[in-house]
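Structure file protein22.cif; described as mmCIF, C-alpha atoms and all ligand atoms.
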```
data_protein
loop_
_atom_site.label_atom_id
_atom_site.label_comp_id
_atom_site.auth_asym_id
_atom_site.auth_seq_id
_atom_site.Cartn_x
_atom_site.Cartn_y
_atom_site.Cartn_z
CA MET A 1 9.70 -7.47 9.84
CA VAL A 2 10.67 -4.39 7.86
CA ASP A 3 11.84 -1.60 10.16
CA TYR A 4 10.12 1.58 8.97
CA ASN A 5 11.85 3.55 11.73
CA GLY A 6 15.24 2.72 10.18
CA ARG A 7 16.76 2.88 6.69
CA MET A 8 13.44 2.17 4.95
CA GLY A 9 11.88 5.18 6.68
CA SER A 10 14.62 7.44 5.33
CA VAL A 11 14.33 6.36 1.68
CA TYR A 12 10.58 5.71 1.43
CA VAL A 13 9.43 9.15 0.29
CA ALA A 14 11.98 9.43 -2.53
CA GLY A 15 11.84 5.77 -3.55
CA ARG A 16 8.05 5.36 -3.54
CA ARG A 17 6.87 8.80 -4.61
CA MET A 18 3.51 8.80 -6.43
CA ALA A 19 2.68 11.41 -9.04
CA PRO A 20 -0.38 13.54 -8.09
CA GLU A 21 -2.35 12.13 -11.06
CA GLU A 22 -1.63 8.60 -9.80
CA VAL A 23 -3.02 9.50 -6.37
CA ARG A 24 -6.11 11.01 -8.07
CA ARG A 25 -6.61 7.84 -10.12
CA TRP A 26 -6.47 5.73 -6.94
CA SER A 27 -8.96 7.96 -5.14
CA ALA A 28 -11.28 7.75 -8.14
CA ALA A 29 -10.92 3.95 -8.21
CA LEU A 30 -12.06 3.77 -4.57
CA ALA A 31 -14.88 6.27 -5.14
CA ALA A 32 -16.54 3.82 -7.52
CA TYR A 33 -17.36 1.58 -4.50
CA LEU A 34 -18.33 4.28 -1.99
CA PRO A 35 -21.43 6.47 -1.59
CA GLU A 36 -21.71 9.56 -3.81
CA LYS A 37 -22.51 11.77 -0.79
CA ARG A 38 -19.77 13.97 0.64
CA PRO A 39 -18.11 13.94 3.06
CA VAL A 40 -17.22 10.26 3.11
CA GLN A 41 -15.04 9.28 6.07
CA ILE A 42 -11.94 7.24 5.30
CA LEU A 43 -9.31 5.43 7.36
CA ASP A 44 -5.93 5.02 5.69
CA LEU A 45 -4.61 2.04 7.68
CA GLY A 46 -0.81 1.85 7.64
CA SER A 47 -0.70 5.30 6.12
CA GLY A 48 3.11 5.46 6.16
CA SER A 49 4.47 8.76 4.93
CA GLY A 50 0.98 9.88 3.85
CA ARG A 51 1.57 9.20 0.16
CA LEU A 52 -2.17 8.84 -0.48
CA THR A 53 -3.79 10.36 2.60
CA PRO A 54 -4.28 14.03 1.55
CA GLY A 55 -5.52 12.85 -1.86
CA LEU A 56 -8.23 10.83 -0.12
CA ALA A 57 -9.30 13.94 1.82
CA GLU A 58 -9.54 15.86 -1.48
CA GLU A 59 -11.63 13.19 -3.19
CA PHE A 60 -13.92 12.42 -0.24
CA GLN A 61 -13.89 15.89 1.34
CA GLY A 62 -12.67 14.50 4.68
CA PRO A 63 -12.26 13.73 7.49
CA VAL A 64 -9.57 11.17 6.82
CA TYR A 65 -7.59 9.33 9.51
CA GLY A 66 -4.11 8.00 8.85
CA VAL A 67 -3.19 5.31 11.37
CA GLU A 68 0.47 4.38 11.44
CA PRO A 69 2.66 2.63 14.07
CA SER A 70 6.09 3.82 12.88
CA ASP A 71 7.00 7.13 14.51
CA ARG A 72 9.35 8.00 11.69
CA MET A 73 6.79 7.38 8.93
CA ARG A 74 4.03 9.17 10.85
CA GLU A 75 6.25 12.18 11.56
CA THR A 76 7.18 12.36 7.88
CA ALA A 77 3.46 12.39 7.05
CA GLU A 78 2.76 15.05 9.66
CA GLN A 79 5.41 17.27 8.09
CA SER A 80 5.05 16.59 4.38
CA ALA A 81 1.51 15.28 3.78
CA VAL A 82 -0.51 17.93 5.58
CA HIS A 83 -4.20 18.53 4.85
CA PRO A 84 -6.78 20.31 7.05
CA SER A 85 -9.11 17.30 6.96
CA VAL A 86 -6.42 14.70 7.72
CA THR A 87 -5.51 13.51 11.21
CA TYR A 88 -2.57 11.15 11.70
CA LEU A 89 -2.84 8.84 14.68
CA LYS A 90 -0.34 6.55 16.32
CA GLY A 91 -1.74 3.05 16.32
CA SER A 92 -1.80 -0.27 14.60
CA ALA A 93 -4.22 -2.29 12.53
CA GLU A 94 -4.64 -4.69 15.44
CA ASP A 95 -5.66 -1.86 17.76
CA ILE A 96 -7.20 0.95 15.71
CA PRO A 97 -7.56 4.13 17.80
CA LEU A 98 -11.08 4.92 16.55
CA PRO A 99 -14.54 4.18 17.98
CA GLU A 100 -16.85 1.58 16.49
CA ALA A 101 -18.63 2.40 13.20
CA THR A 102 -16.69 5.60 12.51
CA VAL A 103 -15.73 5.37 8.83
CA ASP A 104 -17.29 4.57 5.45
CA GLY A 105 -14.11 3.19 3.93
CA VAL A 106 -10.82 1.64 5.03
CA LEU A 107 -7.81 1.58 2.74
CA MET A 108 -4.96 -0.87 3.38
CA PHE A 109 -2.49 0.16 0.73
CA LEU A 110 0.48 -2.23 0.66
CA SER A 111 0.29 -2.46 4.45
CA PHE A 112 -1.67 -5.68 5.09
CA HIS A 113 1.31 -8.01 4.58
CA HIS A 114 3.13 -6.16 7.38
CA PHE A 115 0.38 -6.75 9.96
CA PRO A 116 1.57 -9.36 12.50
CA ASP A 117 -2.01 -10.47 13.31
CA GLN A 118 -4.05 -10.18 10.12
CA LEU A 119 -7.23 -11.74 11.52
CA LYS A 120 -7.26 -9.33 14.46
CA ALA A 121 -6.60 -6.49 12.00
CA LEU A 122 -9.58 -7.42 9.82
CA GLN A 123 -11.79 -7.74 12.93
CA GLU A 124 -10.70 -4.22 13.83
CA VAL A 125 -11.45 -3.03 10.29
CA ARG A 126 -14.94 -4.48 10.62
CA ARG A 127 -15.39 -2.79 14.00
CA VAL A 128 -14.54 0.72 12.76
CA LEU A 129 -16.50 0.42 9.49
CA ARG A 130 -20.09 1.54 9.42
CA PRO A 131 -22.59 -1.15 8.31
CA GLY A 132 -22.37 -1.25 4.51
CA GLY A 133 -18.87 0.29 4.64
CA VAL A 134 -16.14 -0.92 2.32
CA ALA A 135 -12.54 -2.06 2.96
CA PHE A 136 -9.95 -1.97 0.18
CA LEU A 137 -6.98 -4.30 0.40
CA ARG A 138 -4.45 -3.22 -2.21
CA SER A 139 -1.80 -5.93 -2.08
CA GLN A 140 0.03 -8.60 -3.98
CA PHE A 141 -1.25 -12.16 -3.61
CA SER A 142 1.03 -15.21 -3.68
CA ASP A 143 -1.02 -16.77 -6.49
CA LEU A 144 -1.31 -13.57 -8.55
CA MET A 145 2.27 -12.34 -8.60
CA PRO A 146 3.06 -9.92 -11.44
CA ASP A 147 6.09 -10.58 -13.64
CA LEU A 148 7.87 -7.28 -12.98
CA PHE A 149 10.58 -6.38 -15.51
CA TRP A 150 13.21 -5.75 -12.81
CA TYR A 151 12.87 -9.29 -11.44
CA ASP A 152 15.22 -10.19 -14.34
CA TYR A 153 18.10 -8.53 -12.48
CA PHE A 154 17.46 -10.24 -9.13
CA PRO A 155 16.90 -13.99 -9.64
CA SER A 156 15.31 -14.65 -6.22
CA ALA A 157 13.18 -11.50 -6.06
CA GLN A 158 9.91 -12.96 -7.36
CA VAL A 159 10.08 -15.94 -4.97
CA VAL A 160 11.01 -13.64 -2.08
CA ASP A 161 8.09 -11.37 -2.92
CA ALA A 162 5.62 -14.24 -3.26
CA GLY A 163 6.70 -15.45 0.20
CA MET A 164 5.54 -12.18 1.75
CA TYR A 165 1.95 -12.55 0.63
CA ARG A 166 -1.02 -14.83 1.20
CA SER A 167 -3.12 -16.28 -1.62
CA VAL A 168 -6.43 -14.70 -2.59
CA ALA A 169 -8.34 -17.64 -1.06
CA GLU A 170 -6.44 -17.30 2.25
CA VAL A 171 -7.18 -13.58 2.52
CA LYS A 172 -10.83 -14.13 1.63
CA ALA A 173 -11.11 -16.82 4.32
CA LEU A 174 -9.62 -14.44 6.90
CA ALA A 175 -12.02 -11.69 5.80
CA ARG A 176 -15.04 -13.98 6.22
CA GLU A 177 -13.79 -15.11 9.63
CA ALA A 178 -13.56 -11.43 10.62
CA GLY A 179 -17.15 -10.79 9.50
CA LEU A 180 -16.38 -9.05 6.20
CA GLU A 181 -17.79 -10.11 2.85
CA PRO A 182 -15.10 -10.24 0.14
CA ALA A 183 -16.05 -9.58 -3.47
CA GLU A 184 -15.90 -12.61 -5.75
CA ASP A 185 -13.10 -11.25 -7.94
CA VAL A 186 -9.94 -9.31 -7.18
CA VAL A 187 -10.04 -6.08 -9.18
CA HIS A 188 -7.09 -4.90 -11.25
CA VAL A 189 -6.49 -1.17 -11.15
CA THR A 190 -4.15 0.57 -13.58
CA THR A 191 -3.05 3.88 -12.14
CA GLU A 192 0.71 3.71 -12.65
CA THR A 193 2.42 6.38 -14.74
CA SER A 194 4.97 5.00 -17.21
CA ARG A 195 8.66 5.49 -16.45
CA THR A 196 11.86 5.18 -18.42
CA LEU A 197 14.51 2.61 -17.57
CA ARG A 198 16.64 5.35 -16.01
CA GLU A 199 13.77 6.63 -13.83
CA SER A 200 12.99 3.07 -12.74
CA TYR A 201 16.63 2.48 -11.83
CA GLU A 202 16.80 5.72 -9.84
CA ARG A 203 13.79 4.70 -7.76
CA LEU A 204 14.71 1.06 -7.29
CA SER A 205 18.33 1.75 -6.40
CA LEU A 206 17.08 3.50 -3.25
CA ARG A 207 15.87 0.02 -2.19
CA ALA A 208 12.61 1.39 -0.80
CA LEU A 209 10.87 -1.96 -1.43
CA SER A 210 10.61 -4.71 1.20
CA THR A 211 11.98 -7.18 -1.38
CA PHE A 212 15.50 -5.81 -0.97
CA GLU A 213 15.36 -6.31 2.80
CA TYR A 214 15.29 -10.06 2.18
CA LEU A 215 17.67 -10.48 -0.79
CA PRO A 216 21.32 -11.52 -0.25
CA ALA A 217 23.74 -8.56 -0.47
CA ASP A 218 25.73 -10.07 -3.36
CA GLU A 219 22.56 -10.57 -5.42
CA ILE A 220 21.56 -6.94 -4.82
CA GLU A 221 25.00 -5.72 -5.80
CA SER A 222 25.36 -7.75 -9.00
CA GLY A 223 21.73 -7.06 -9.96
CA PHE A 224 22.17 -3.31 -9.74
CA GLU A 225 25.45 -3.53 -11.68
CA ARG A 226 23.67 -5.23 -14.60
CA PHE A 227 20.74 -2.86 -14.26
CA ALA A 228 23.08 0.19 -14.40
CA ALA A 229 24.81 -1.19 -17.50
CA ASP A 230 21.43 -1.48 -19.28
CA VAL A 231 20.53 2.06 -18.21
CA ALA A 232 23.81 3.34 -19.69
CA ARG A 233 22.93 1.64 -23.01
CA ASP A 234 19.24 2.56 -23.21
CA PRO A 235 18.18 5.13 -20.56
CA ASP A 236 15.01 6.34 -22.26
CA ARG A 237 13.38 2.98 -22.91
CA VAL A 238 9.81 3.19 -21.61
CA MET A 239 9.10 0.38 -19.21
CA PRO A 240 5.85 -1.60 -18.90
CA VAL A 241 3.01 -0.32 -16.73
CA TYR A 242 1.51 -2.88 -14.36
CA SER A 243 -1.97 -3.16 -12.98
CA ALA A 244 -2.38 -3.44 -9.21
CA ALA A 245 -4.50 -6.10 -7.51
CA MET A 246 -7.07 -5.04 -4.93
CA LEU A 247 -9.56 -7.05 -2.91
CA VAL A 248 -12.77 -5.21 -2.00
CA MET A 249 -14.60 -6.29 1.17
CA THR A 250 -17.87 -5.06 2.62
CA ARG A 251 -19.13 -4.92 6.17
CA PRO A 252 -22.63 -6.39 5.93
CA SER A 253 -25.42 -3.98 6.91
C1 LIG B 301 4.77 -0.28 2.28
S1 LIG B 301 4.33 0.84 3.56
C2 LIG B 301 2.83 1.50 2.86
C3 LIG B 301 2.53 2.87 3.40
C4 LIG B 301 1.40 3.60 2.68
N1 LIG B 301 0.14 2.88 2.76
C5 LIG B 301 1.78 3.83 1.24
O1 LIG B 301 1.20 3.21 0.34
O2 LIG B 301 2.69 4.62 1.01
C6 LIG B 301 3.69 -0.20 4.83
C7 LIG B 301 3.29 0.55 6.09
O3 LIG B 301 2.58 -0.34 6.97
C8 LIG B 301 2.92 0.04 8.29
N2 LIG B 301 2.61 -1.05 9.23
C9 LIG B 301 3.42 -2.05 9.64
N3 LIG B 301 2.80 -2.79 10.57
C10 LIG B 301 1.59 -2.25 10.76
C11 LIG B 301 0.48 -2.57 11.61
N4 LIG B 301 0.50 -3.61 12.44
N5 LIG B 301 -0.60 -1.76 11.56
C12 LIG B 301 -0.65 -0.71 10.72
N6 LIG B 301 0.36 -0.37 9.88
C13 LIG B 301 1.46 -1.13 9.90
C14 LIG B 301 4.41 0.35 8.18
O4 LIG B 301 4.89 1.05 9.32
C15 LIG B 301 4.46 1.11 6.88
O5 LIG B 301 4.31 2.48 7.07
#
```

Structure encoded using C-alpha cells:
Amino acid sequence: MVDYNGRMGSVYVAGRRMAPEEVRRWSAALAAYLPEKRPVQILDLGSGSGRLTPGLAEEFQGPVYGVEPSDRMRETAEQSAVHPSVTYLKGSAEDIPLPEATVDGVLMFLSFHHFPDQLKALQEVRRVLRPGGVAFLRSQFSDLMPDLFWYDYFPSAQVVDAGMYRSVAEVKALAREAGLEPAEDVVHVTTETSRTLRESYERLSLRALSTFEYLPADEIESGFERFAADVARDPDRVMPVYSAAMLVMTRPS
C-alpha cells in the first residue's frame, strides 16, 4: 500500500501537477459521455490533492464531491484546490459517504488500483450513480501497459507497474459483477502536454509515482544518475506524449 499520509503526500502536488489546459481536456473528454444539461453532479473518487476536482466543477457547473481517505491529501485539497461547488469528504471507495443515486458521473482517476476491495468499491459506485449514470476508470491495465520512455532508466519499472494493475477483462468482469455495464473498448485519451527531458526529470526525481515505492533503492539511484547525465547532454529534447487508457462503465437505467 502506498502511504499518501507520508512522503508521497508531501511530494504529490509538485511531482504530479497538471497544467490547467490538461485538466480542461480531461473534463471535456468526460463531458462527451455525460448529459448536456447543467449542472451535472460528479463524484471524484480518490480525489487526492484535488488535481482535477475544481476543473470538474467548472466544466459541469457543480456540485462536485471529492472523496478521499488520506487526511494529508484531503487537507492539501481543502487548502489548494478550493472551489465554491466542491465539497471534500473523508471516506473511501468501499464506503462512499453519499446517499444512493446522488451523482451523474463518478471519476476514478488513477485511484482504482489503490482500492483494497475493488468489487465492493464498484458496488458502491453503482449505488451512488443515478440510473443511466456513467463511471470513468482512468487507469493502466496489465495487458495494455504503455512503453514509457523513462522505463529505460529503471529496468524493473515496467514489470513493477504491470503488477499493480488488473487486465481489462478482469476489471470488466468486476464491473459486471457489481452491476455496471462496461463499454466494449477501452478509450485512449490524449490530454498530456509535452515536456522536455529536463522537465520530465524534475518531476520524476520527486518520486511522486507509486512505481518508485516498489523499486530497489540501488536501481532508483543508478537510474536517476543515468537520467541526470542525459539531461545534462540534451535538456531541451521534447519527450513523447502518451495517451491514457480509460474504461467507461454505465449504471443501467
Ligand atoms: C495516485 S492518487 C490519485 C489522486 C487523484 N485522483 C489525482 O489524479 O491526482 C491515488 C489516490 O487514491 C486514494 N485512495 C487510496 N485508497 C483509496 C480508497 N480505498 N478509496 C478511495 N481513495 C483511495 C489515495 O489516498 C490517493 O489520494

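The coordinates place CA of Arg138 (chain A) at 13.7 Å from atom C12 of ligand LIG 301 (chain B).
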
Which residues sit within 6 Å of ligand LIG 301 (chain B), counting only C-alpha atoms and all ligand atoms, listed as JSON, numbers by chain? {"A": [4, 45, 46, 47, 48, 49, 51, 68, 69, 70, 73, 92, 93, 109, 110, 111, 114, 115, 116]}

Among A:Val134, A:Glu75, A:Val241, A:Ala121, Val189 (chain A) is approached most closely, using all atoms listed in the file, by A:Val241

Find the residues around Pro54 (chain A) up to 10 Å (all atoms listed in the file counted), leave out those fewer than 5 positions away in its own chain, and share them as a list in words. Val23, Glu59, Phe60, Gln61, Gly62, Pro63, Val64, Tyr65, Gly66, Ala77, Ala81, Val82, His83, Pro84, Ser85, Val86 and Thr87 of chain A

Expected answer as number ranges by chain: all residues with atoms within 10 Å of (3.8, -11.7, 2.3), all atoms listed in the file: A: 112-115, 139-142, 160-167, 210

Tell me, in Å to one decimal, how far CA of Met239 (chain A) is from CA of Ser200 (chain A).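 These atoms are spaced 8.0 Å apart.
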
Which one of A:Ala135, A:Ala178, A:Ala245, A:Ile42 sits closest to Thr190 (chain A) if you count all atoms listed in the file?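 Selected residue with least distance to Thr190 (chain A): A:Ala245.
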
Kindly provide, as a count of residues only, the polymer residues lying within 12 Å of (-20.9, -3.4, 2.1), counting all atoms listed in the file and using the coordinates exactly as they appear in the file. 26

Just the number, please: distance in Å from CA of Glu124 (chain A) to CA of Asp95 (chain A), one decimal.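 Pair CA of Glu124 (chain A) / CA of Asp95 (chain A) returns 6.8 Å.
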
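Among the candidates A:Asp117, A:Thr211, A:Glu225, A:Asp236, the residue lying nearest to Val2 (chain A) is A:Thr211 (atoms considered: only C-alpha atoms).
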
Write out N, CA and C atoms for region 167-189 of chain A, as a PDB file, in the coordinates of the input.
```pdb
ATOM      1  N   SER A 167      -2.344 -16.102  -0.380  1.00  0.00           N
ATOM      2  CA  SER A 167      -3.120 -16.280  -1.620  1.00  0.00           C
ATOM      3  C   SER A 167      -4.455 -15.540  -1.477  1.00  0.00           C
ATOM      4  N   VAL A 168      -5.118 -15.352  -2.608  1.00  0.00           N
ATOM      5  CA  VAL A 168      -6.430 -14.700  -2.590  1.00  0.00           C
ATOM      6  C   VAL A 168      -7.395 -15.487  -1.696  1.00  0.00           C
ATOM      7  N   ALA A 169      -7.395 -16.812  -1.839  1.00  0.00           N
ATOM      8  CA  ALA A 169      -8.340 -17.640  -1.060  1.00  0.00           C
ATOM      9  C   ALA A 169      -8.049 -17.503   0.442  1.00  0.00           C
ATOM     10  N   GLU A 170      -6.777 -17.436   0.819  1.00  0.00           N
ATOM     11  CA  GLU A 170      -6.440 -17.300   2.250  1.00  0.00           C
ATOM     12  C   GLU A 170      -6.920 -15.965   2.800  1.00  0.00           C
ATOM     13  N   VAL A 171      -6.743 -14.901   2.029  1.00  0.00           N
ATOM     14  CA  VAL A 171      -7.180 -13.580   2.520  1.00  0.00           C
ATOM     15  C   VAL A 171      -8.708 -13.533   2.599  1.00  0.00           C
ATOM     16  N   LYS A 172      -9.357 -14.122   1.588  1.00  0.00           N
ATOM     17  CA  LYS A 172     -10.830 -14.130   1.630  1.00  0.00           C
ATOM     18  C   LYS A 172     -11.339 -14.906   2.841  1.00  0.00           C
ATOM     19  N   ALA A 173     -10.680 -16.017   3.167  1.00  0.00           N
ATOM     20  CA  ALA A 173     -11.110 -16.820   4.320  1.00  0.00           C
ATOM     21  C   ALA A 173     -10.947 -16.019   5.612  1.00  0.00           C
ATOM     22  N   LEU A 174      -9.836 -15.281   5.716  1.00  0.00           N
ATOM     23  CA  LEU A 174      -9.620 -14.440   6.900  1.00  0.00           C
ATOM     24  C   LEU A 174     -10.700 -13.356   6.994  1.00  0.00           C
ATOM     25  N   ALA A 175     -11.002 -12.761   5.833  1.00  0.00           N
ATOM     26  CA  ALA A 175     -12.020 -11.690   5.800  1.00  0.00           C
ATOM     27  C   ALA A 175     -13.360 -12.228   6.296  1.00  0.00           C
ATOM     28  N   ARG A 176     -13.744 -13.405   5.796  1.00  0.00           N
ATOM     29  CA  ARG A 176     -15.040 -13.980   6.220  1.00  0.00           C
ATOM     30  C   ARG A 176     -15.030 -14.279   7.717  1.00  0.00           C
ATOM     31  N   GLU A 177     -13.896 -14.807   8.194  1.00  0.00           N
ATOM     32  CA  GLU A 177     -13.790 -15.110   9.630  1.00  0.00           C
ATOM     33  C   GLU A 177     -13.940 -13.833  10.465  1.00  0.00           C
ATOM     34  N   ALA A 178     -13.483 -12.714   9.900  1.00  0.00           N
ATOM     35  CA  ALA A 178     -13.560 -11.430  10.620  1.00  0.00           C
ATOM     36  C   ALA A 178     -14.919 -10.753  10.450  1.00  0.00           C
ATOM     37  N   GLY A 179     -15.815 -11.373   9.674  1.00  0.00           N
ATOM     38  CA  GLY A 179     -17.150 -10.790   9.500  1.00  0.00           C
ATOM     39  C   GLY A 179     -17.248  -9.797   8.359  1.00  0.00           C
ATOM     40  N   LEU A 180     -16.316  -9.888   7.405  1.00  0.00           N
ATOM     41  CA  LEU A 180     -16.380  -9.050   6.200  1.00  0.00           C
ATOM     42  C   LEU A 180     -16.741  -9.934   5.016  1.00  0.00           C
ATOM     43  N   GLU A 181     -17.393  -9.337   4.030  1.00  0.00           N
ATOM     44  CA  GLU A 181     -17.790 -10.110   2.850  1.00  0.00           C
ATOM     45  C   GLU A 181     -16.901  -9.725   1.669  1.00  0.00           C
ATOM     46  N   PRO A 182     -15.968 -10.605   1.273  1.00  0.00           N
ATOM     47  CA  PRO A 182     -15.100 -10.240   0.140  1.00  0.00           C
ATOM     48  C   PRO A 182     -15.826 -10.363  -1.180  1.00  0.00           C
ATOM     49  N   ALA A 183     -15.492  -9.471  -2.125  1.00  0.00           N
ATOM     50  CA  ALA A 183     -16.050  -9.580  -3.470  1.00  0.00           C
ATOM     51  C   ALA A 183     -15.535 -10.854  -4.117  1.00  0.00           C
ATOM     52  N   GLU A 184     -16.281 -11.363  -5.083  1.00  0.00           N
ATOM     53  CA  GLU A 184     -15.900 -12.610  -5.750  1.00  0.00           C
ATOM     54  C   GLU A 184     -14.509 -12.476  -6.406  1.00  0.00           C
ATOM     55  N   ASP A 185     -14.339 -11.398  -7.164  1.00  0.00           N
ATOM     56  CA  ASP A 185     -13.100 -11.250  -7.940  1.00  0.00           C
ATOM     57  C   ASP A 185     -12.216 -10.143  -7.386  1.00  0.00           C
ATOM     58  N   VAL A 186     -10.922 -10.378  -7.453  1.00  0.00           N
ATOM     59  CA  VAL A 186      -9.940  -9.310  -7.180  1.00  0.00           C
ATOM     60  C   VAL A 186     -10.018  -8.338  -8.350  1.00  0.00           C
ATOM     61  N   VAL A 187     -10.016  -7.036  -8.058  1.00  0.00           N
ATOM     62  CA  VAL A 187     -10.040  -6.080  -9.180  1.00  0.00           C
ATOM     63  C   VAL A 187      -8.610  -5.671  -9.518  1.00  0.00           C
ATOM     64  N   HIS A 188      -8.415  -5.343 -10.790  1.00  0.00           N
ATOM     65  CA  HIS A 188      -7.090  -4.900 -11.250  1.00  0.00           C
ATOM     66  C   HIS A 188      -7.202  -3.432 -11.640  1.00  0.00           C
ATOM     67  N   VAL A 189      -6.398  -2.619 -10.985  1.00  0.00           N
ATOM     68  CA  VAL A 189      -6.490  -1.170 -11.150  1.00  0.00           C
ATOM     69  C   VAL A 189      -5.206  -0.681 -11.820  1.00  0.00           C
TER      70      VAL A 189
END
```
